[in-house]
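Asks: This one is my_file-v5.pdb, PDB, C-alpha atoms.
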ATOM      1  CA  MET L   2      85.447 -68.485-241.094
ATOM      2  CA  HIS L   3      83.736 -71.629-242.314
ATOM      3  CA  VAL L   4      80.374 -71.422-244.095
ATOM      4  CA  ARG L   5      78.248 -74.533-244.284
ATOM      5  CA  GLY L   6      75.845 -75.553-247.030
ATOM      6  CA  LEU L   7      77.442 -73.754-249.975
ATOM      7  CA  GLY L   8      77.562 -76.807-252.194
ATOM      8  CA  PRO L   9      80.466 -77.990-254.335
ATOM      9  CA  THR L  10      80.905 -74.625-256.102
ATOM     10  CA  ALA L  11      80.763 -71.133-254.644
ATOM     11  CA  GLN L  12      81.568 -67.672-255.967
ATOM     12  CA  GLY L  13      83.332 -64.975-254.002
ATOM     13  CA  GLY L  14      84.198 -61.415-254.808
ATOM     14  CA  LEU L  15      83.846 -57.716-254.171
ATOM     15  CA  PHE L  16      80.761 -55.553-254.291
ATOM     16  CA  VAL L  17      79.773 -51.909-253.979
ATOM     17  CA  ALA L  18      76.315 -50.708-252.964
ATOM     18  CA  SER L  19      75.008 -47.152-252.911
ATOM     19  CA  PRO L  20      71.616 -46.635-251.262
ATOM     20  CA  PRO L  21      69.332 -43.766-252.354
ATOM     21  CA  SER L  22      69.759 -40.478-250.546
ATOM     22  CA  VAL L  23      67.092 -38.112-249.242
ATOM     23  CA  HIS L  24      66.334 -35.327-251.704
ATOM     24  CA  GLY L  25      63.496 -32.910-250.925
ATOM     25  CA  ILE L  26      60.318 -34.850-250.202
ATOM     26  CA  GLY L  27      61.684 -38.014-251.785
ATOM     27  CA  THR L  28      64.896 -39.869-252.516
ATOM     28  CA  ARG L  29      67.104 -40.244-255.548
ATOM     29  CA  GLY L  30      69.522 -42.931-256.618
ATOM     30  CA  SER L  31      73.265 -42.683-256.307
ATOM     31  CA  VAL L  32      76.377 -44.507-257.489
ATOM     32  CA  SER L  33      79.462 -45.200-255.392
ATOM     33  CA  THR L  34      82.933 -46.213-256.517
ATOM     34  CA  ALA L  35      85.544 -48.107-254.524
ATOM     35  CA  VAL L  36      89.110 -49.158-255.308
ATOM     36  CA  PHE L  37      90.314 -52.493-253.936
ATOM     37  CA  GLY L  38      94.021 -53.233-253.898
ATOM     38  CA  GLY L  39      96.413 -55.852-252.577
ATOM     39  CA  LEU L  40      93.987 -58.726-253.076
ATOM     40  CA  ARG L  41      95.246 -62.253-252.478
ATOM     41  CA  ILE L  42      93.550 -65.584-252.937
ATOM     42  CA  GLN L  43      94.293 -68.391-250.519
ATOM     43  CA  GLY L  44      93.097 -71.958-250.526
ATOM     44  CA  ARG L  45      91.800 -74.053-253.374
ATOM     45  CA  TRP L  46      90.067 -71.795-255.894
ATOM     46  CA  ALA L  47      89.325 -72.803-259.448
ATOM     47  CA  GLY L  48      91.231 -70.927-262.092
ATOM     48  CA  GLY L  49      89.672 -68.105-264.067
ATOM     49  CA  ASN L  50      89.619 -64.345-264.429
ATOM     50  CA  TRP L  51      87.748 -61.844-262.322
ATOM     51  CA  THR L  52      84.442 -60.781-263.879
ATOM     52  CA  GLY L  53      81.944 -58.033-263.137
ATOM     53  CA  ASP L  54      78.189 -58.444-262.930
ATOM     54  CA  GLN L  55      75.080 -56.699-261.611
ATOM     55  CA  VAL L  56      73.762 -58.510-258.538
ATOM     56  CA  GLY L  57      70.131 -58.144-257.533
ATOM     57  CA  PRO L  58      68.568 -56.318-260.516
ATOM     58  CA  GLU L  59      65.429 -58.407-260.085
ATOM     59  CA  SER L  60      64.935 -57.263-256.499
ATOM     60  CA  PRO L  61      61.666 -55.299-256.065
ATOM     61  CA  SER L  62      63.561 -52.603-254.160
ATOM     62  CA  PHE L  63      66.223 -52.032-256.847
ATOM     63  CA  ALA L  64      65.409 -48.694-258.498
ATOM     64  CA  GLY L  65      68.192 -48.860-261.088
ATOM     65  CA  TYR L  66      70.937 -46.366-261.816
ATOM     66  CA  PRO L  67      70.528 -42.599-262.111
ATOM     67  CA  GLN L  68      70.463 -41.215-265.636
ATOM     68  CA  ASN L  69      73.761 -41.367-267.539
ATOM     69  CA  THR L  70      75.375 -43.640-264.953
ATOM     70  CA  SER L  71      75.972 -47.360-264.715
ATOM     71  CA  GLY L  72      77.873 -49.976-262.801
ATOM     72  CA  SER L  73      81.408 -50.784-263.841
ATOM     73  CA  PHE L  74      84.318 -53.080-263.102
ATOM     74  CA  THR L  75      87.924 -52.446-264.167
ATOM     75  CA  GLU L  76      91.269 -53.984-263.245
ATOM     76  CA  SER L  77      94.605 -52.202-263.364
ATOM     77  CA  ASP L  78      97.938 -53.308-261.898
ATOM     78  CA  GLY L  79      96.309 -55.692-259.464
ATOM     79  CA  SER L  80      93.757 -53.146-258.237
ATOM     80  CA  PHE L  81      90.028 -53.332-258.898
ATOM     81  CA  THR L  82      87.748 -50.326-259.343
ATOM     82  CA  VAL L  83      84.092 -51.198-258.792
ATOM     83  CA  ALA L  84      81.113 -48.860-259.156
ATOM     84  CA  GLY L  85      77.602 -49.847-258.147
ATOM     85  CA  ALA L  86      74.166 -48.748-256.990
ATOM     86  CA  GLY L  87      71.413 -50.391-254.990
ATOM     87  CA  ASP L  88      71.011 -51.210-251.344
ATOM     88  CA  ILE L  89      71.544 -54.361-249.303
ATOM     89  CA  ALA L  90      69.634 -52.908-246.327
ATOM     90  CA  PRO L  91      66.008 -53.825-245.538
ATOM     91  CA  ALA L  92      63.444 -52.388-247.948
ATOM     92  CA  VAL L  93      61.536 -49.272-246.896
ATOM     93  CA  ARG L  94      58.473 -47.651-248.458
ATOM     94  CA  GLU L  95      60.410 -44.993-250.351
ATOM     95  CA  THR L  96      62.587 -47.532-252.180
ATOM     96  CA  LEU L  97      59.644 -49.870-252.767
ATOM     97  CA  PRO L  98      56.684 -47.547-253.438
ATOM     98  CA  THR L  99      54.707 -50.252-255.223
ATOM     99  CA  GLY L 100      54.814 -52.505-252.166
ATOM    100  CA  GLY L 101      51.614 -52.951-250.193
ATOM    101  CA  THR L 102      50.920 -52.969-246.465
ATOM    102  CA  LEU L 103      48.055 -54.064-244.245
ATOM    103  CA  GLN L 104      47.195 -50.401-243.821
ATOM    104  CA  ASP L 105      46.710 -50.166-247.583
ATOM    105  CA  ILE L 106      44.418 -53.183-247.488
ATOM    106  CA  LEU L 107      42.417 -51.545-244.680
ATOM    107  CA  THR L 108      42.038 -48.218-246.498
ATOM    108  CA  GLY L 109      38.297 -48.735-246.128
ATOM    109  CA  THR L 110      38.689 -47.764-242.472
ATOM    110  CA  PHE L 111      38.698 -44.155-243.655
ATOM    111  CA  ALA L 112      35.313 -44.625-245.326
ATOM    112  CA  ALA L 113      33.987 -46.539-242.305
ATOM    113  CA  LEU L 114      34.784 -43.634-239.990
ATOM    114  CA  ILE L 115      32.053 -41.496-241.554
ATOM    115  CA  PRO L 116      29.078 -43.799-240.846
ATOM    116  CA  VAL L 117      30.530 -44.651-237.419
ATOM    117  CA  ILE L 118      30.627 -40.952-236.545
ATOM    118  CA  VAL L 119      27.097 -40.400-237.857
ATOM    119  CA  VAL L 120      25.678 -43.372-235.940
ATOM    120  CA  GLY L 121      27.505 -42.341-232.765
ATOM    121  CA  VAL L 122      26.054 -38.836-232.931
ATOM    122  CA  LEU L 123      22.526 -39.960-233.837
ATOM    123  CA  PHE L 124      22.594 -42.445-230.966
ATOM    124  CA  ILE L 125      21.949 -39.486-228.671
ATOM    125  CA  THR L 126      20.793 -36.531-230.788
ATOM    126  CA  THR L 127      17.782 -38.464-232.075
ATOM    127  CA  GLU L 128      16.457 -38.521-228.520
ATOM    128  CA  TYR L 129      16.728 -34.771-228.274
ATOM    129  CA  ARG L 130      15.250 -34.151-231.731
ATOM    130  CA  LYS L 131      12.215 -36.371-231.081
ATOM    131  CA  ASN L 132      12.001 -35.311-227.432
ATOM    132  CA  LEU L 133      12.421 -38.902-226.249
ATOM    133  CA  ILE L 134      15.048 -37.892-223.736
ATOM    134  CA  HIS L 135      12.276 -37.376-221.143
ATOM    135  CA  VAL L 136      11.235 -41.013-221.511
ATOM    136  CA  THR L 137      14.819 -42.254-221.178
ATOM    137  CA  LEU L 138      15.520 -40.244-218.041
ATOM    138  CA  ALA L 139      12.154 -41.114-216.556
ATOM    139  CA  ALA L 140      13.011 -44.808-216.889
ATOM    140  CA  SER L 141      16.521 -44.283-215.500
ATOM    141  CA  PRO L 142      16.921 -40.998-213.588
ATOM    142  CA  ARG L 143      20.668 -41.481-213.047
ATOM    143  CA  ARG L 144      21.863 -39.581-216.099
ATOM    144  CA  SER L 145      25.530 -40.536-215.799
ATOM    145  CA  ARG L 146      24.659 -44.237-215.728
ATOM    146  CA  VAL L 147      22.519 -43.865-218.872
ATOM    147  CA  LEU L 148      25.290 -42.068-220.732
ATOM    148  CA  VAL L 149      27.931 -44.634-219.754
ATOM    149  CA  ALA L 150      25.585 -47.473-220.707
ATOM    150  CA  LYS L 151      25.053 -45.917-224.128
ATOM    151  CA  ALA L 152      28.820 -45.590-224.583
ATOM    152  CA  ILE L 153      29.395 -49.227-223.638
ATOM    153  CA  VAL L 154      26.690 -50.554-225.964
ATOM    154  CA  LEU L 155      27.803 -48.378-228.850
ATOM    155  CA  GLY L 156      31.491 -49.179-228.313
ATOM    156  CA  VAL L 157      31.009 -52.951-228.041
ATOM    157  CA  VAL L 158      28.785 -53.189-231.123
ATOM    158  CA  THR L 159      31.167 -51.048-233.183
ATOM    159  CA  PHE L 160      34.198 -53.017-231.980
ATOM    160  CA  VAL L 161      32.663 -56.365-232.937
ATOM    161  CA  ALA L 162      31.602 -55.068-236.358
ATOM    162  CA  GLY L 163      35.028 -53.527-236.988
ATOM    163  CA  LEU L 164      36.873 -56.662-235.911
ATOM    164  CA  ALA L 165      34.712 -58.814-238.191
ATOM    165  CA  GLY L 166      35.358 -56.475-241.101
ATOM    166  CA  ALA L 167      39.126 -56.479-240.523
ATOM    167  CA  ALA L 168      39.169 -60.277-240.125
ATOM    168  CA  VAL L 169      37.611 -60.627-243.574
ATOM    169  CA  ALA L 170      39.415 -57.771-245.339
ATOM    170  CA  VAL L 171      43.013 -58.584-244.342
ATOM    171  CA  PRO L 172      43.341 -62.196-245.634
ATOM    172  CA  LEU L 173      41.153 -61.465-248.660
ATOM    173  CA  GLY L 174      43.158 -58.343-249.516
ATOM    174  CA  GLU L 175      46.474 -60.148-249.112
ATOM    175  CA  ARG L 176      45.320 -62.960-251.391
ATOM    176  CA  LEU L 177      44.105 -60.577-254.095
ATOM    177  CA  ALA L 178      47.269 -58.478-253.882
ATOM    178  CA  ARG L 179      49.610 -61.429-254.254
ATOM    179  CA  ALA L 180      47.470 -62.897-257.049
ATOM    180  CA  ASN L 181      48.042 -59.665-258.973
ATOM    181  CA  GLY L 182      51.791 -59.584-258.339
ATOM    182  CA  VAL L 183      51.764 -56.927-255.607
ATOM    183  CA  TYR L 184      54.533 -57.324-253.048
ATOM    184  CA  ILE L 185      53.210 -57.148-249.471
ATOM    185  CA  PHE L 186      55.625 -56.086-246.747
ATOM    186  CA  PRO L 187      55.810 -59.115-244.435
ATOM    187  CA  VAL L 188      54.568 -58.868-240.848
ATOM    188  CA  ALA L 189      54.519 -61.184-237.867
ATOM    189  CA  SER L 190      51.293 -62.869-236.783
ATOM    190  CA  SER L 191      51.291 -60.742-233.633
ATOM    191  CA  THR L 192      51.469 -57.583-235.743
ATOM    192  CA  GLU L 193      48.597 -58.742-237.931
ATOM    193  CA  LEU L 194      46.549 -59.434-234.803
ATOM    194  CA  ARG L 195      47.395 -55.987-233.424
ATOM    195  CA  VAL L 196      46.284 -54.329-236.666
ATOM    196  CA  GLY L 197      42.934 -56.129-236.586
ATOM    197  CA  LEU L 198      42.247 -55.419-232.916
ATOM    198  CA  GLY L 199      43.556 -51.880-233.245
ATOM    199  CA  THR L 200      41.318 -51.114-236.222
ATOM    200  CA  ALA L 201      38.276 -52.338-234.308
ATOM    201  CA  ALA L 202      39.316 -50.293-231.251
ATOM    202  CA  LEU L 203      39.859 -47.239-233.455
ATOM    203  CA  LEU L 204      36.293 -47.428-234.800
ATOM    204  CA  ALA L 205      34.790 -48.169-231.388
ATOM    205  CA  THR L 206      36.593 -45.283-229.685
ATOM    206  CA  THR L 207      35.592 -42.930-232.495
ATOM    207  CA  SER L 208      31.935 -43.878-231.980
ATOM    208  CA  ILE L 209      32.192 -43.058-228.252
ATOM    209  CA  LEU L 210      33.812 -39.702-229.026
ATOM    210  CA  ALA L 211      30.995 -38.978-231.483
ATOM    211  CA  LEU L 212      28.444 -39.888-228.793
ATOM    212  CA  SER L 213      30.064 -37.472-226.350
ATOM    213  CA  VAL L 214      30.203 -34.611-228.850
ATOM    214  CA  GLY L 215      26.612 -35.311-229.859
ATOM    215  CA  THR L 216      25.590 -35.055-226.202
ATOM    216  CA  MET L 217      27.326 -31.689-225.924
ATOM    217  CA  PHE L 218      25.862 -30.244-229.121
ATOM    218  CA  ARG L 219      22.465 -31.979-229.035
ATOM    219  CA  HIS L 220      22.230 -31.273-232.750
ATOM    220  CA  SER L 221      23.347 -33.803-235.345
ATOM    221  CA  ALA L 222      24.860 -31.563-238.037
ATOM    222  CA  GLY L 223      27.176 -29.606-235.753
ATOM    223  CA  ALA L 224      28.323 -32.689-233.842
ATOM    224  CA  VAL L 225      29.012 -34.762-236.972
ATOM    225  CA  THR L 226      30.933 -31.884-238.553
ATOM    226  CA  THR L 227      33.046 -31.362-235.434
ATOM    227  CA  VAL L 228      34.107 -34.997-235.119
ATOM    228  CA  ILE L 229      34.797 -35.321-238.855
ATOM    229  CA  VAL L 230      36.991 -32.228-238.748
ATOM    230  CA  ALA L 231      38.851 -33.606-235.710
ATOM    231  CA  ILE L 232      39.515 -37.065-237.162
ATOM    232  CA  VAL L 233      38.901 -37.224-240.902
ATOM    233  CA  LEU L 234      40.396 -33.862-241.903
ATOM    234  CA  PRO L 235      43.850 -34.680-240.437
ATOM    235  CA  TYR L 236      43.646 -38.043-242.230
ATOM    236  CA  ILE L 237      43.121 -36.220-245.537
ATOM    237  CA  LEU L 238      45.947 -33.763-244.860
ATOM    238  CA  ILE L 239      48.334 -36.618-244.061
ATOM    239  CA  ALA L 240      47.522 -38.183-247.439
ATOM    240  CA  ILE L 241      48.811 -35.093-249.303
ATOM    241  CA  PRO L 242      52.348 -35.974-250.469
ATOM    242  CA  PHE L 243      53.734 -32.429-250.449
ATOM    243  CA  MET L 244      52.490 -31.590-246.955
ATOM    244  CA  PRO L 245      55.520 -30.699-244.757
ATOM    245  CA  ALA L 246      56.648 -33.567-242.534
ATOM    246  CA  SER L 247      56.569 -31.290-239.468
ATOM    247  CA  VAL L 248      52.851 -30.655-240.046
ATOM    248  CA  THR L 249      51.910 -34.306-240.565
ATOM    249  CA  ASP L 250      53.963 -35.359-237.542
ATOM    250  CA  TRP L 251      52.154 -32.760-235.422
ATOM    251  CA  LEU L 252      48.755 -33.904-236.690
ATOM    252  CA  THR L 253      49.528 -37.493-235.725
ATOM    253  CA  LEU L 254      50.781 -36.477-232.299
ATOM    254  CA  VAL L 255      48.035 -34.274-230.870
ATOM    255  CA  THR L 256      44.853 -34.844-232.899
ATOM    256  CA  PRO L 257      42.533 -37.869-232.660
ATOM    257  CA  ALA L 258      43.947 -38.983-236.032
ATOM    258  CA  ALA L 259      46.992 -40.204-234.080
ATOM    259  CA  ALA L 260      45.057 -43.456-233.623
ATOM    260  CA  LEU L 261      45.723 -44.345-237.274
ATOM    261  CA  VAL L 262      49.138 -45.576-236.151
ATOM    262  CA  VAL L 263      47.497 -48.781-234.900
ATOM    263  CA  GLN L 264      47.526 -49.884-238.555
ATOM    264  CA  GLN L 265      51.234 -49.217-239.092
ATOM    265  CA  THR L 266      53.267 -52.275-240.054
ATOM    266  CA  LEU L 267      56.335 -50.648-241.602
ATOM    267  CA  VAL L 268      59.460 -50.440-239.456
ATOM    268  CA  PRO L 269      61.938 -47.538-239.704
ATOM    269  CA  TYR L 270      65.593 -48.609-239.762
ATOM    270  CA  HIS L 271      68.233 -46.343-238.261
ATOM    271  CA  GLN L 272      70.796 -47.597-240.769
ATOM    272  CA  VAL L 273      68.614 -46.718-243.784
ATOM    273  CA  THR L 274      68.258 -43.098-244.835
ATOM    274  CA  SER L 275      64.718 -42.562-246.071
ATOM    275  CA  ILE L 276      61.576 -40.431-245.752
ATOM    276  CA  TYR L 277      59.924 -41.648-242.568
ATOM    277  CA  THR L 278      56.680 -39.645-242.580
ATOM    278  CA  PRO L 279      53.007 -40.507-241.962
ATOM    279  CA  TYR L 280      52.398 -40.191-245.710
ATOM    280  CA  ASN L 281      54.778 -43.109-246.257
ATOM    281  CA  GLY L 282      53.286 -45.129-243.399
ATOM    282  CA  TYR L 283      55.646 -44.154-240.554
ATOM    283  CA  TYR L 284      54.102 -42.387-237.560
ATOM    284  CA  PRO L 285      55.845 -40.599-234.669
ATOM    285  CA  LEU L 286      53.980 -42.534-231.942
ATOM    286  CA  THR L 287      53.861 -46.235-231.173
ATOM    287  CA  PRO L 288      50.616 -48.020-232.156
ATOM    288  CA  TRP L 289      48.995 -48.164-228.716
ATOM    289  CA  ALA L 290      50.207 -44.688-227.774
ATOM    290  CA  GLY L 291      48.478 -43.304-230.858
ATOM    291  CA  LEU L 292      45.254 -45.086-229.949
ATOM    292  CA  ALA L 293      45.603 -43.708-226.421
ATOM    293  CA  VAL L 294      45.462 -40.156-227.828
ATOM    294  CA  LEU L 295      42.046 -40.817-229.386
ATOM    295  CA  ALA L 296      40.910 -42.661-226.258
ATOM    296  CA  GLY L 297      41.991 -39.665-224.192
ATOM    297  CA  TYR L 298      39.716 -37.343-226.174
ATOM    298  CA  ALA L 299      36.801 -39.776-225.812
ATOM    299  CA  VAL L 300      37.297 -40.457-222.089
ATOM    300  CA  VAL L 301      37.833 -36.812-221.159
ATOM    301  CA  SER L 302      34.779 -35.606-223.081
ATOM    302  CA  LEU L 303      32.656 -38.387-221.572
ATOM    303  CA  ALA L 304      33.975 -37.658-218.062
ATOM    304  CA  VAL L 305      33.215 -33.946-218.396
ATOM    305  CA  LEU L 306      29.617 -34.770-219.321
ATOM    306  CA  VAL L 307      29.212 -37.187-216.420
ATOM    307  CA  ILE L 308      30.752 -34.860-213.831
ATOM    308  CA  SER L 309      28.962 -31.745-215.018
ATOM    309  CA  GLY L 310      25.604 -33.467-215.446
ATOM    310  CA  GLU L 311      25.332 -32.025-218.944
ATOM    311  CA  TYR L 312      23.366 -35.061-220.109
ATOM    312  CA  SER L 313      19.883 -33.854-219.197
ATOM    313  CA  SER L 314      16.436 -33.358-220.601
ATOM    314  CA  GLY L 315      16.957 -29.681-221.112
ATOM    315  CA  ALA L 316      16.502 -28.089-224.499
TER     316      ALA L 316
END
Written as structure tokens, how would this file's structure read?

Replies:
Amino acid sequence: MHVRGLGPTAQGGLFVASPPSVHGIGTRGSVSTAVFGGLRIQGRWAGGNWTGDQVGPESPSFAGYPQNTSGSFTESDGSFTVAGAGDIAPAVRETLPTGGTLQDILTGTFAALIPVIVVGVLFITTEYRKNLIHVTLAASPRRSRVLVAKAIVLGVVTFVAGLAGAAVAVPLGERLARANGVYIFPVASSTELRVGLGTAALLATTSILALSVGTMFRHSAGAVTTVIVAIVLPYILIAIPFMPASVTDWLTLVTPAAALVVQQTLVPYHQVTSIYTPYNGYYPLTPWAGLAVLAGYAVVSLAVLVISGEYSSGA
């Protein structure tokens, strides 16, 4: 094998890595030891003795050695015993907990869900409370058309507002994070675009679901509470570190909170043993599949109202 671009001097040698292992709800460091024997040097190598050194201690993913352990290098009768820790695999959230992601920068999405839900509900319940529904249906007797029109207007306005917010928050958040020494997991431009569009779609779809539930309930308090419980409560439960992984996986599979995966940027690696849970930023569904779960709730609830004619001027 010939390697280009090494320069006039290059070092070669042996190394041992020992990635962290899963332990409970987290991981813990480990040390591995290997014995190398029968080594031969061919070609033109400068003279000198073998030496041992720690490679990569400045890496942000290097967690150090477990207590009372350390790396070592010994030579005996032509054999070399090397002990080491660390990982040469791609960094994951568990080994780099201080690293930031775009989802962290867009944490405000959680806070934005509340006013979006409230506005979506009030967009219809206000008409019932003030008895303006008679005026609306008198102007446009086709109730299904009115309901769909409301959903389109509400969804488009929310989408545009959410996209504008994400477009400002992401670059500003990345700049502030890096200025303060926070490592940001790198993402492709296409992924960053997907996160922005997905966040806007998440807010817009939530507003339509809130509109549908508000139409069913016709009372603001009950409708707002129902949608918050369906979307925000699972979000809170996912954020609890000691919540069992089976529970958080289930919540992000079947509840509307599955749409949060549109903000995922971390990639699980099959060759890296780690804790791949929603709490750490890894969701069981793909981004658009997760959004489809929320969209399914919104579309089905809206379709039921249109087909059943539930959107009426009745009390």

Asks: What residues come out when you apply the PyMOL selection byres ((chain L and resi 14) around 12) to this file, written as a tab-separated table (two decimals) with C-alpha atoms, in the coordinates of the input?

Replies:
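And here is the file that came out, out34.tsv:
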chain	number	residue	atom	x	y	z
L	11	ALA	CA	80.76	-71.13	-254.64
L	12	GLN	CA	81.57	-67.67	-255.97
L	13	GLY	CA	83.33	-64.97	-254.00
L	15	LEU	CA	83.85	-57.72	-254.17
L	16	PHE	CA	80.76	-55.55	-254.29
L	17	VAL	CA	79.77	-51.91	-253.98
L	37	PHE	CA	90.31	-52.49	-253.94
L	40	LEU	CA	93.99	-58.73	-253.08
L	41	ARG	CA	95.25	-62.25	-252.48
L	42	ILE	CA	93.55	-65.58	-252.94
L	46	TRP	CA	90.07	-71.80	-255.89
L	50	ASN	CA	89.62	-64.34	-264.43
L	51	TRP	CA	87.75	-61.84	-262.32
L	52	THR	CA	84.44	-60.78	-263.88
L	53	GLY	CA	81.94	-58.03	-263.14
L	54	ASP	CA	78.19	-58.44	-262.93
L	56	VAL	CA	73.76	-58.51	-258.54
L	74	PHE	CA	84.32	-53.08	-263.10
L	81	PHE	CA	90.03	-53.33	-258.90
L	83	VAL	CA	84.09	-51.20	-258.79

Asks: Convert the output of the PyMOL selection byres ((chain L and resi 270-275) around 8) on the shown file into explicit residues, formatted as a ChimeraX atom specification.

Replies: /L:21-23,27-28,90-91,93,95,268-269,276-277

Asks: Which residues are near Ala167 of chain L? Cut-off 8 Å, all atoms listed in the file, ignore same chain within fewer than 6 positions. Put them as an NGL selection string.

Replies: :L and (107 or 197 or 200-201)

Asks: Using the chain letters and residue numbers of this document, give as a list in words the residues selected by the PyMOL selection byres ((chain L and resi 111) around 10).

Replies: Leu107, Thr108, Gly109, Thr110, Ala112, Ala113, Leu114, Ile115, Leu204, Ile232, Val233, Tyr236, Ile237 and Leu261 of chain L

Asks: In terms of the shortest atom-to-atom distance over all atoms listed in the file, which of L:Thr227, L:Ser60, L:Thr287, L:Ser208 is closest to Gly100 of chain L?

Replies: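 Ranking L:Thr227, L:Ser60, L:Thr287, L:Ser208 by distance to Gly100 of chain L, first place goes to L:Ser60.
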
Asks: Quick one: residues within 9 Å of Lys151 of chain L, all atoms listed in the file, excluding same-chain residues fewer than 4 positions away - as a list in words?

Replies: Phe124, Ile125, Arg146, Val147, Leu155, Gly156, Ile209 and Leu212 of chain L

Asks: When distances are computed from all atoms listed in the file, which of L:Asp78, L:Ile308, L:Thr226, L:Ala64 shows the smallest separation from Gly38 of chain L?

Replies: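 Among L:Asp78, L:Ile308, L:Thr226, L:Ala64, it is L:Asp78 that comes nearest to Gly38 of chain L.
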
Asks: Skipping near chain neighbours, those fewer than 2 positions away, what residues fall within 10 Å of Val122 of chain L using all atoms listed in the file, listed as a PyMOL selection string?

Replies: chain L and resi 116-120+124-127+208-216+218-225+228

Asks: For Pro20 of chain L, find every residue with an atom within 8 Å (counting all atoms listed in the file), except residues of its own chain fewer than 4 positions away, and show them as a list in words.

Replies: Gly30, Ser31, Ala86, Gly87, Asp88 and Ile89 of chain L

Asks: Residues of the last selection are to be written out with C-alpha atoms, as a compact mmCIF listing (two decimals), in the frame of the given file.

Replies:
# COMPACT_ATOMS: atom_id res chain seq x y z
CA GLY L 30 69.52 -42.93 -256.62
CA SER L 31 73.26 -42.68 -256.31
CA ALA L 86 74.17 -48.75 -256.99
CA GLY L 87 71.41 -50.39 -254.99
CA ASP L 88 71.01 -51.21 -251.34
CA ILE L 89 71.54 -54.36 -249.30

Asks: Please provide the set of residues having any atom within 7 Å of Tyr283 of chain L, restricted to only C-alpha atoms, with same-chain residues fewer than 5 positions apart removed, written as a list in words.

Replies: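 What passes the distance filter is Gln265, Leu267, Tyr277 and Thr278 of chain L.
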
Asks: Using only C-alpha atoms, find the one residue out of L:Pro235, L:Val196, L:Pro288, L:Leu148 that sits nearest to Val305 of chain L.

Replies: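 Between L:Pro235, L:Val196, L:Pro288, L:Leu148, the residue approaching Val305 of chain L most closely is L:Leu148.
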
Asks: What does the distance between atom CA of Gly282 of chain L and atom CA of Phe186 of chain L come to in Å, to one decimal place?

Replies: 11.7 Å

Asks: Could you state the separation of atom CA of Ala205 of chain L and atom CA of Phe160 of chain L in Å, given to one decimal place?

Replies: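 Separation of atom CA of Ala205 of chain L and atom CA of Phe160 of chain L: 4.9 Å.
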
Asks: My list of candidates is L:Gly121, L:Val171, L:Tyr280, L:Ile153. Which is closest to Ala246 of chain L when distances are computed with all atoms listed in the file?

Replies: L:Tyr280

Asks: Interatomic distance between atom CA of Leu295 of chain L and atom CA of Ala260 of chain L?

Replies: 5.8 Å

Asks: Of the candidates L:Val154, L:Val255, L:Ile239, L:Val149, which one gets nearest to Pro279 of chain L if we count all atoms listed in the file?

Replies: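 Counting all atoms listed in the file, the residue closest to Pro279 of chain L is L:Ile239.
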